[in-house]
Amino acid sequence: MPPRKRRKLDHKPKTKSSSKTSSHGNKDTPTFSHWLMKSEPETRIEKGVDVKFGITELKAEPNQTACWDGVRNYQARNFMCDQMRVGHKAFFYHSNCKEPGIAGIVEIVKESYPDHTQFDSKDIHFDSSSKKDNPKWFMVDVKFVRMMKRFIPLSELKSLHLEHKSTGGALQNMYLFTRARLSVQPVTKEEFDFIVSLEGKEN
């Protein structure tokens, strides 16, 4: 049985032009091997459906694995389609909540395949313009790896980002601040390792 789908809304693209940038399965040579993936850990009702899916919900899934459905931004989709590989690690980021930040680490365990929610007219992620013989939206499967030793809040990361912009530190160009709207975004190895090193430091 496939992993149960998660419930997460993404930002709609501002333009249609970027919809043609994905190879839809013709994988590019990966530029990145680490990621940050946003989801909402608190209850929010969208069209009668609770979109809540935090890292606790992922841990409760069979095999602690779930498909990352509902991505409706072309650039985020393209990262999943063209560059994500089995074995890549990602930060599980809690967004749109009282205290946003990095809660844990997950692993990509299945590469991109069509997001079934785009074809379900009863689903909040339904897209009437997408066809089964030419799907527009894709998803990957992720598996829980571990919780962070301490929650790394956005406020701490933002302070470090601003500091690093002046000093040339690891977080100076992090997508979390330069492409903040993306729900799926790349993280350099330097950024990933630096953030992991924060676990042992008190904020």
# chains A, B, ... in the order shown; residues from 1 in each chain; ligands from 1
$ select_by_dssp --residues "segment 24-201 of chain A" --states "helix (DSSP H, G or I)" --output "ChimeraX atom specification"
/A:55-60,62-64,74-82,116-119,154-167,175-178,189-200
$ closest_atom_pairs --of "segment 27-146 of chain A" --to "segment 176-199 of chain A" --cutoff "6 Å" --atoms "only C-alpha atoms" --output "JSON lines"
{"residue": "A:His34", "atom": "CA", "partner": "A:Val187", "partner_atom": "CA", "distance": 5.1}
{"residue": "A:Trp35", "atom": "CA", "partner": "A:Pro186", "partner_atom": "CA", "distance": 4.4}
{"residue": "A:Leu36", "atom": "CA", "partner": "A:Gln185", "partner_atom": "CA", "distance": 5.3}
{"residue": "A:Met37", "atom": "CA", "partner": "A:Val184", "partner_atom": "CA", "distance": 4.7}
{"residue": "A:Lys38", "atom": "CA", "partner": "A:Ser183", "partner_atom": "CA", "distance": 5.0}
{"residue": "A:Ala76", "atom": "CA", "partner": "A:Val184", "partner_atom": "CA", "distance": 5.0}
$ closest_residue --among "A:Ala60, A:Met147, A:Ala66, A:Ile45" --to "Ile108 of chain A" --atoms "only C-alpha atoms"
A:Ala66
$ closest_residue --among "A:Leu160, A:Ala170, A:Val140, A:Val145" --to "Trp68 of chain A" --atoms "only C-alpha atoms"
A:Val140
$ residues_around --residues "Val49 of chain A" --least-positions-apart "5" --cutoff "10 Å" --atoms "only C-alpha atoms" --output "PDB file with N, CA and C atoms, in the first residue's frame"
ATOM      1  N   ARG A   7      -1.292  16.450   3.782  1.00  0.00           N
ATOM      2  CA  ARG A   7      -2.162  17.559   3.405  1.00  0.00           C
ATOM      3  C   ARG A   7      -1.411  18.856   3.592  1.00  0.00           C
ATOM      4  N   THR A  43      -3.208  23.069  13.128  1.00  0.00           N
ATOM      5  CA  THR A  43      -4.483  22.938  12.432  1.00  0.00           C
ATOM      6  C   THR A  43      -4.824  24.205  11.647  1.00  0.00           C
ATOM      7  N   ARG A  44      -5.141  24.008  10.391  1.00  0.00           N
ATOM      8  CA  ARG A  44      -5.667  25.078   9.540  1.00  0.00           C
ATOM      9  C   ARG A  44      -6.618  24.425   8.547  1.00  0.00           C
ATOM     10  N   ASP A 123     -10.307  16.680  -3.983  1.00  0.00           N
ATOM     11  CA  ASP A 123      -9.132  17.013  -3.194  1.00  0.00           C
ATOM     12  C   ASP A 123      -8.839  18.508  -3.280  1.00  0.00           C
ATOM     13  N   ILE A 124      -8.317  19.081  -2.205  1.00  0.00           N
ATOM     14  CA  ILE A 124      -8.025  20.518  -2.190  1.00  0.00           C
ATOM     15  C   ILE A 124      -6.890  20.891  -3.141  1.00  0.00           C
TER      16      ILE A 124
END
$ closest_residue --among "A:Phe119, A:Phe92, A:Phe79, A:Tyr113" --to "Glu57 of chain A" --atoms "only C-alpha atoms"
A:Phe92
$ select_by_dssp --residues "segment 140-182 of chain A" --states "strand (DSSP E or B)" --output "PyMOL selection string"
chain A and resi 140-153
$ residues_around --residues "Leu154 of chain A" --least-positions-apart "3" --cutoff "6 Å" --atoms "only C-alpha atoms" --output "PyMOL selection string"
chain A and resi 100-101+157-158
$ residues_around --residues "His88 of chain A" --least-positions-apart "3" --cutoff "9 Å" --atoms "only C-alpha atoms" --output "CSV table (one decimal) with all heavy atoms, in the first residue's frame"
chain,number,residue,atom,x,y,z
A,32,PHE,N,22.3,19.9,-6.1
A,32,PHE,CA,22.2,19.8,-4.7
A,32,PHE,C,21.9,18.4,-4.2
A,32,PHE,O,21.3,17.6,-5.0
A,32,PHE,CB,21.0,20.8,-4.2
A,32,PHE,CG,21.2,22.2,-4.6
A,32,PHE,CD1,20.6,22.7,-5.7
A,32,PHE,CD2,21.9,23.0,-3.8
A,32,PHE,CE1,20.7,24.0,-6.1
A,32,PHE,CE2,22.1,24.4,-4.1
A,32,PHE,CZ,21.5,24.9,-5.3
A,33,SER,N,22.2,18.1,-3.0
A,33,SER,CA,21.9,16.8,-2.4
A,33,SER,C,21.2,17.0,-1.0
A,33,SER,O,21.0,16.0,-0.3
A,33,SER,CB,23.1,16.0,-2.3
A,33,SER,OG,24.1,16.6,-1.4
A,34,HIS,N,21.0,18.2,-0.6
A,34,HIS,CA,20.3,18.5,0.7
A,34,HIS,C,19.2,19.5,0.4
A,34,HIS,O,19.3,20.3,-0.5
A,34,HIS,CB,21.3,19.1,1.7
A,34,HIS,CG,22.4,18.1,2.0
A,34,HIS,ND1,23.5,18.0,1.3
A,34,HIS,CD2,22.5,17.2,3.1
A,34,HIS,CE1,24.3,17.1,1.8
A,34,HIS,NE2,23.7,16.6,2.9
A,35,TRP,N,18.1,19.4,1.2
A,35,TRP,CA,16.9,20.2,1.0
A,35,TRP,C,16.3,20.7,2.3
A,35,TRP,O,16.6,20.2,3.4
A,35,TRP,CB,15.9,19.3,0.2
A,35,TRP,CG,16.5,18.7,-1.0
A,35,TRP,CD1,17.2,17.5,-1.1
A,35,TRP,CD2,16.6,19.3,-2.3
A,35,TRP,NE1,17.6,17.3,-2.4
A,35,TRP,CE2,17.3,18.4,-3.2
A,35,TRP,CE3,16.1,20.5,-2.9
A,35,TRP,CZ2,17.5,18.7,-4.5
A,35,TRP,CZ3,16.4,20.8,-4.2
A,35,TRP,CH2,17.1,19.9,-5.0
A,84,MET,N,16.0,15.8,-7.0
A,84,MET,CA,16.0,15.0,-5.8
A,84,MET,C,16.3,13.5,-6.1
A,84,MET,O,15.7,13.0,-7.1
A,84,MET,CB,14.6,15.1,-5.1
A,84,MET,CG,14.5,16.3,-4.2
A,84,MET,SD,12.9,16.2,-3.2
A,84,MET,CE,13.1,17.6,-2.2
A,85,ARG,N,17.1,12.9,-5.3
A,85,ARG,CA,17.4,11.5,-5.4
A,85,ARG,C,17.2,10.7,-4.2
A,85,ARG,O,17.2,11.3,-3.1
A,85,ARG,CB,18.9,11.4,-5.8
A,85,ARG,CG,19.4,12.1,-7.1
A,85,ARG,CD,18.8,11.3,-8.3
A,85,ARG,NE,19.5,11.8,-9.5
A,85,ARG,CZ,19.1,12.9,-10.2
A,85,ARG,NH1,18.1,13.6,-9.8
A,85,ARG,NH2,19.7,13.2,-11.3
A,106,VAL,N,14.6,14.4,7.4
A,106,VAL,CA,14.0,13.3,6.7
A,106,VAL,C,14.9,12.9,5.5
A,106,VAL,O,15.8,13.6,5.2
A,106,VAL,CB,12.6,13.7,6.1
A,106,VAL,CG1,11.6,14.1,7.2
A,106,VAL,CG2,12.7,14.8,5.1
A,107,GLU,N,14.5,11.7,4.9
A,107,GLU,CA,15.3,11.2,3.8
A,107,GLU,C,14.4,11.0,2.6
A,107,GLU,O,13.3,10.5,2.8
A,107,GLU,CB,16.0,9.9,4.2
A,107,GLU,CG,16.8,9.3,3.1
A,107,GLU,CD,17.5,8.0,3.5
A,107,GLU,OE1,17.6,7.7,4.7
A,107,GLU,OE2,18.1,7.3,2.6
A,108,ILE,N,14.9,11.3,1.4
A,108,ILE,CA,14.1,11.0,0.2
A,108,ILE,C,14.2,9.5,-0.1
A,108,ILE,O,15.3,8.9,-0.2
A,108,ILE,CB,14.6,11.8,-1.0
A,108,ILE,CG1,14.7,13.3,-0.7
A,108,ILE,CG2,13.7,11.5,-2.2
A,108,ILE,CD1,13.5,13.9,-0.2
A,109,VAL,N,13.1,8.8,-0.1
A,109,VAL,CA,13.1,7.3,-0.3
A,109,VAL,C,12.4,6.9,-1.6
A,109,VAL,O,12.5,5.7,-2.0
A,109,VAL,CB,12.4,6.6,0.9
A,109,VAL,CG1,13.3,6.8,2.2
A,109,VAL,CG2,11.0,7.0,1.1
$ closest_residue --among "A:Thr117, A:Asn73, A:Asn78, A:Asn96" --to "Gly54 of chain A" --atoms "only C-alpha atoms"
A:Asn96
